[in-house]
Amino acid sequence: MEKLKILLAKGRIYESVYELLKDVGISINLPDRTYFPTTNQKDLAFQVVKPQIVSNLLANDKADVGFAGKDWVYENGVEDKVEEIMDLGFDGVKIVAAIPDSVDYEKLLKGPVTIATEYQVLSQKWVDDKKINGTIFRTWGTSEGFVQDNEDSIAQILIDNTSTGSSLKANRLKIVDTLMESSTRMYASKKAMADPEKKKKILELKMLFEAVLDARDRVMLEMNVTRGRFETLVTGLPSMKSPTISPLYGDDGYAIKIAVKKSEVPTLLPKLKELGATDILEYDLRKVLP
């Protein structure tokens, strides 16, 4: 099989995917001033590109797999030309429309407006759907400064991505509409998914990613319990399926293992003690395969 060509996006996406690949067991190294990381996997080949163009390259069969924000897939208009493999859940953002705090939104829409944004396609669709008399002003990078409540303001509406909204608040802007929600996702080209060998490899990567992501959300708890309190403890245990149970040396009781969500641990540990658990150990998981 020829190498699976994988695109890595620069910036935050690169860092998140790098850590995911490392946890899977795929190491990559990016030498200075190059765009082609080396890897310990003979059947994989990586290239680093700008996040905005990952989906375009996949849609034109220039690579097999890539990691990109859903927002740029839709901004590039290729959502039907690539195949979404899985949502990694990284870098969650909303694409929103925002205006100055002091401006009345309904009054603003009655007149002609200029929209400052990096998202030309998404913004034009929003303008058309809302039947707004608006024109798009293309920005690059930080755009909040283009929208102010004065006559000299370049634009009256900002369309941008936000995770917490703190930057908008700092610039005295308020959200008036949400265009879409986005996160980092794994995509594949249609051509790669039509190739049985490449499809198999892509789905194997998906399985490994799911195993790591599931493990990040869980911990393993080990504990001992006497025979007399065994039934009470076991019936009060949460578990992915059922706990792993083995007898203790000397037939004094049982050792129990369960995988639980990290968010359950603060309330679960006191409960386990009440139910008779002793010698409780907690440790992280690397991968979880159901």
# chains A, B, ... in the order shown; residues from 1 in each chain; ligands from 1
call {"tool": "select_by_dssp", "arguments": {"residues": "range 46-123 of chain A", "states": "alpha helix (DSSP H)", "output": "JSON list (two decimals) with N, CA, C and O atoms, in the first residue's frame"}}
result
[["chain", "number", "residue", "atom", "x", "y", "z"],
["A", 54, "VAL", "N", -6.65, 23.08, 4.44],
["A", 54, "VAL", "CA", -6.66, 21.62, 4.60],
["A", 54, "VAL", "C", -7.81, 20.99, 3.83],
["A", 54, "VAL", "O", -7.63, 20.04, 3.05],
["A", 55, "SER", "N", -9.02, 21.50, 4.04],
["A", 55, "SER", "CA", -10.20, 20.88, 3.42],
["A", 55, "SER", "C", -10.18, 21.03, 1.90],
["A", 55, "SER", "O", -10.65, 20.14, 1.18],
["A", 56, "ASN", "N", -9.67, 22.14, 1.40],
["A", 56, "ASN", "CA", -9.56, 22.32, -0.06],
["A", 56, "ASN", "C", -8.63, 21.29, -0.68],
["A", 56, "ASN", "O", -8.91, 20.74, -1.75],
["A", 57, "LEU", "N", -7.51, 21.03, -0.01],
["A", 57, "LEU", "CA", -6.56, 20.05, -0.52],
["A", 57, "LEU", "C", -7.17, 18.64, -0.52],
["A", 57, "LEU", "O", -6.97, 17.87, -1.47],
["A", 58, "LEU", "N", -7.92, 18.31, 0.52],
["A", 58, "LEU", "CA", -8.59, 17.01, 0.57],
["A", 58, "LEU", "C", -9.66, 16.90, -0.52],
["A", 58, "LEU", "O", -9.80, 15.87, -1.18],
["A", 59, "ALA", "N", -10.41, 17.99, -0.71],
["A", 59, "ALA", "CA", -11.48, 17.98, -1.72],
["A", 59, "ALA", "C", -10.92, 17.80, -3.12],
["A", 59, "ALA", "O", -11.61, 17.26, -4.00],
["A", 70, "LYS", "N", -14.29, 22.60, 11.50],
["A", 70, "LYS", "CA", -15.50, 22.48, 10.69],
["A", 70, "LYS", "C", -15.84, 23.81, 10.02],
["A", 70, "LYS", "O", -16.37, 23.84, 8.89],
["A", 71, "ASP", "N", -15.53, 24.93, 10.69],
["A", 71, "ASP", "CA", -15.85, 26.23, 10.13],
["A", 71, "ASP", "C", -15.18, 26.46, 8.78],
["A", 71, "ASP", "O", -15.80, 26.98, 7.84],
["A", 72, "TRP", "N", -13.92, 26.01, 8.65],
["A", 72, "TRP", "CA", -13.22, 26.25, 7.38],
["A", 72, "TRP", "C", -13.64, 25.28, 6.30],
["A", 72, "TRP", "O", -13.53, 25.58, 5.10],
["A", 73, "VAL", "N", -14.15, 24.13, 6.67],
["A", 73, "VAL", "CA", -14.72, 23.21, 5.68],
["A", 73, "VAL", "C", -15.93, 23.86, 5.02],
["A", 73, "VAL", "O", -16.09, 23.85, 3.80],
["A", 74, "TYR", "N", -16.78, 24.47, 5.85],
["A", 74, "TYR", "CA", -17.98, 25.13, 5.33],
["A", 74, "TYR", "C", -17.64, 26.45, 4.66],
["A", 74, "TYR", "O", -18.27, 26.85, 3.67],
["A", 75, "GLU", "N", -16.65, 27.16, 5.18],
["A", 75, "GLU", "CA", -16.23, 28.40, 4.54],
["A", 75, "GLU", "C", -15.69, 28.14, 3.14],
["A", 75, "GLU", "O", -15.93, 28.92, 2.21],
["A", 105, "TYR", "N", -29.72, 46.31, 17.83],
["A", 105, "TYR", "CA", -29.56, 45.37, 16.71],
["A", 105, "TYR", "C", -30.66, 45.53, 15.67],
["A", 105, "TYR", "O", -30.39, 45.57, 14.46],
["A", 106, "GLU", "N", -31.88, 45.61, 16.09],
["A", 106, "GLU", "CA", -33.00, 45.72, 15.15],
["A", 106, "GLU", "C", -32.92, 47.00, 14.33],
["A", 106, "GLU", "O", -33.17, 46.99, 13.12],
["A", 107, "LYS", "N", -32.57, 48.10, 14.96],
["A", 107, "LYS", "CA", -32.43, 49.36, 14.24],
["A", 107, "LYS", "C", -31.27, 49.29, 13.26],
["A", 107, "LYS", "O", -31.35, 49.81, 12.14],
["A", 108, "LEU", "N", -30.19, 48.64, 13.69],
["A", 108, "LEU", "CA", -29.00, 48.54, 12.84],
["A", 108, "LEU", "C", -29.32, 47.84, 11.52],
["A", 108, "LEU", "O", -28.86, 48.24, 10.45],
["A", 120, "GLN", "N", -15.83, 34.98, 4.55],
["A", 120, "GLN", "CA", -16.61, 35.63, 3.49],
["A", 120, "GLN", "C", -17.82, 34.80, 3.06],
["A", 120, "GLN", "O", -18.91, 35.34, 2.89],
["A", 121, "VAL", "N", -17.64, 33.52, 2.90],
["A", 121, "VAL", "CA", -18.73, 32.66, 2.43],
["A", 121, "VAL", "C", -19.81, 32.51, 3.49],
["A", 121, "VAL", "O", -21.01, 32.68, 3.22],
["A", 122, "LEU", "N", -19.40, 32.19, 4.72],
["A", 122, "LEU", "CA", -20.37, 32.04, 5.80],
["A", 122, "LEU", "C", -21.11, 33.34, 6.06],
["A", 122, "LEU", "O", -22.32, 33.35, 6.32],
["A", 123, "SER", "N", -20.38, 34.45, 5.96],
["A", 123, "SER", "CA", -21.00, 35.75, 6.21],
["A", 123, "SER", "C", -21.99, 36.12, 5.10],
["A", 123, "SER", "O", -23.08, 36.65, 5.38]]
call {"tool": "residues_around", "arguments": {"residues": "Val113 in chain A", "least_positions_apart": "3", "cutoff": "9 Å", "atoms": "only C-alpha atoms", "output": "list of chain:residue names"}}
result
A:Leu108, A:Leu109, A:Lys110, A:Ile132, A:Asn133, A:Gly134, A:Thr135, A:Ile136, A:Ala155, A:Gln156, A:Ile157
call {"tool": "write_last_selection", "arguments": {"atoms": "N, CA, C and O atoms", "output": "mmCIF file, in the first residue's frame"}}
result
data_model
loop_
_atom_site.group_PDB
_atom_site.id
_atom_site.type_symbol
_atom_site.label_atom_id
_atom_site.label_comp_id
_atom_site.auth_asym_id
_atom_site.auth_seq_id
_atom_site.Cartn_x
_atom_site.Cartn_y
_atom_site.Cartn_z
ATOM 1 N N LEU A 108 -30.190 48.643 13.689
ATOM 2 C CA LEU A 108 -29.003 48.543 12.840
ATOM 3 C C LEU A 108 -29.320 47.841 11.519
ATOM 4 O O LEU A 108 -28.855 48.241 10.450
ATOM 5 N N LEU A 109 -30.152 46.801 11.586
ATOM 6 C CA LEU A 109 -30.457 46.000 10.396
ATOM 7 C C LEU A 109 -31.357 46.727 9.400
ATOM 8 O O LEU A 109 -31.522 46.267 8.267
ATOM 9 N N LYS A 110 -31.928 47.821 9.804
ATOM 10 C CA LYS A 110 -32.813 48.563 8.904
ATOM 11 C C LYS A 110 -32.042 49.361 7.858
ATOM 12 O O LYS A 110 -32.614 49.769 6.837
ATOM 13 N N ILE A 132 -30.315 40.942 4.789
ATOM 14 C CA ILE A 132 -29.692 42.172 5.269
ATOM 15 C C ILE A 132 -29.076 42.925 4.093
ATOM 16 O O ILE A 132 -28.524 42.325 3.174
ATOM 17 N N ASN A 133 -29.175 44.234 4.139
ATOM 18 C CA ASN A 133 -28.520 45.070 3.148
ATOM 19 C C ASN A 133 -27.077 45.270 3.611
ATOM 20 O O ASN A 133 -26.720 46.279 4.207
ATOM 21 N N GLY A 134 -26.261 44.251 3.343
ATOM 22 C CA GLY A 134 -24.907 44.292 3.874
ATOM 23 C C GLY A 134 -23.841 43.971 2.848
ATOM 24 O O GLY A 134 -24.078 43.245 1.882
ATOM 25 N N THR A 135 -22.661 44.508 3.067
ATOM 26 C CA THR A 135 -21.497 44.207 2.248
ATOM 27 C C THR A 135 -20.418 43.607 3.141
ATOM 28 O O THR A 135 -20.339 43.918 4.339
ATOM 29 N N ILE A 136 -19.577 42.750 2.558
ATOM 30 C CA ILE A 136 -18.554 42.043 3.322
ATOM 31 C C ILE A 136 -17.205 42.743 3.177
ATOM 32 O O ILE A 136 -16.756 43.023 2.069
ATOM 33 N N ALA A 155 -16.690 49.054 9.967
ATOM 34 C CA ALA A 155 -17.811 48.118 9.843
ATOM 35 C C ALA A 155 -18.734 48.256 11.040
ATOM 36 O O ALA A 155 -18.359 48.801 12.087
ATOM 37 N N GLN A 156 -19.960 47.780 10.880
ATOM 38 C CA GLN A 156 -20.950 47.853 11.951
ATOM 39 C C GLN A 156 -21.218 46.484 12.595
ATOM 40 O O GLN A 156 -21.764 46.403 13.691
ATOM 41 N N ILE A 157 -20.855 45.415 11.886
ATOM 42 C CA ILE A 157 -21.062 44.062 12.397
ATOM 43 C C ILE A 157 -19.774 43.264 12.238
ATOM 44 O O ILE A 157 -19.089 43.375 11.215
#
call {"tool": "residues_around", "arguments": {"residues": "Ala63 in chain A", "least_positions_apart": "2", "cutoff": "10 Å", "atoms": "only C-alpha atoms", "output": "list of chain:residue names"}}
result
A:Leu4, A:Lys5, A:Ile6, A:Leu7, A:Ala45, A:Phe46, A:Gln47, A:Val54, A:Ser55, A:Asn56, A:Leu57, A:Leu58, A:Ala59, A:Asn60, A:Asp61, A:Val65, A:Gly66, A:Ala188, A:Ser189, A:Lys191, A:Ala192
call {"tool": "atom_distance", "arguments": {"atom1": "CA of Asp64 in chain A", "atom2": "CA of Lys3 in chain A"}}
result
9.4 Å
call {"tool": "closest_residue", "arguments": {"among": "A:Thr139, A:Ser183, A:Asn150, A:Asn40", "to": "Met86 in chain A", "atoms": "only C-alpha atoms"}}
result
A:Ser183
call {"tool": "closest_residue", "arguments": {"among": "A:Val176, A:Val103, A:Leu44, A:Leu275", "to": "Asn224 in chain A", "atoms": "only C-alpha atoms"}}
result
A:Leu275
call {"tool": "closest_residue", "arguments": {"among": "A:Leu158, A:Ile99, A:Met186, A:Leu272", "to": "Leu8 in chain A", "atoms": "only C-alpha atoms"}}
result
A:Met186
call {"tool": "residues_around", "arguments": {"residues": "range 211-217 of chain A", "least_positions_apart": "2", "cutoff": "7 Å", "atoms": "only C-alpha atoms", "output": "VMD selection string"}}
result
chain A and resid 23 to 24 207 to 209 261 to 262 285 to 289
call {"tool": "write_last_selection", "arguments": {"atoms": "C-alpha atoms", "output": "compact mmCIF listing (two decimals), in the first residue's frame"}}
result
# COMPACT_ATOMS: atom_id res chain seq x y z
CA ASP A 23 -0.61 9.14 22.83
CA VAL A 24 -1.61 6.74 20.05
CA MET A 207 -10.33 3.55 16.39
CA LEU A 208 -7.01 4.44 18.03
CA PHE A 209 -7.99 8.10 18.40
CA LYS A 261 -15.32 8.99 34.36
CA LYS A 262 -12.97 11.48 36.01
CA LEU A 285 -5.62 5.08 31.44
CA ARG A 286 -3.75 5.28 28.12
CA LYS A 287 -6.34 3.75 25.79
CA VAL A 288 -9.87 2.36 26.18
CA LEU A 289 -11.13 -0.10 23.58
call {"tool": "closest_residue", "arguments": {"among": "A:Met223, A:Val82, A:Leu233, A:Ala194", "to": "Leu248 in chain A", "atoms": "only C-alpha atoms"}}
result
A:Met223
call {"tool": "atom_distance", "arguments": {"atom1": "CA of Thr162 in chain A", "atom2": "CA of Pro100 in chain A"}}
result
15.6 Å
call {"tool": "closest_residue", "arguments": {"among": "A:Ile85, A:Ala68, A:Val78, A:Val49", "to": "Glu204 in chain A", "atoms": "only C-alpha atoms"}}
result
A:Ile85
call {"tool": "select_by_dssp", "arguments": {"residues": "range 208-279 of chain A", "states": "strand (DSSP E)", "output": "list in words"}}
result
Arg218, Val219, Met220, Leu221, Glu222, Met223, Asn224, Val225, Thr226, Thr244, Ile245, Ser246, Pro247, Gly253, Tyr254, Ala255, Ile256, Lys257, Ile258, Ala259, Val260, Lys261, Thr278 and Asp279 of chain A
call {"tool": "closest_residue", "arguments": {"among": "A:Val48, A:Lys22, A:Glu84, A:Arg12", "to": "Met193 in chain A", "atoms": "only C-alpha atoms"}}
result
A:Glu84
call {"tool": "atom_distance", "arguments": {"atom1": "CA of Ile154 in chain A", "atom2": "CA of Pro112 in chain A"}}
result
12.7 Å
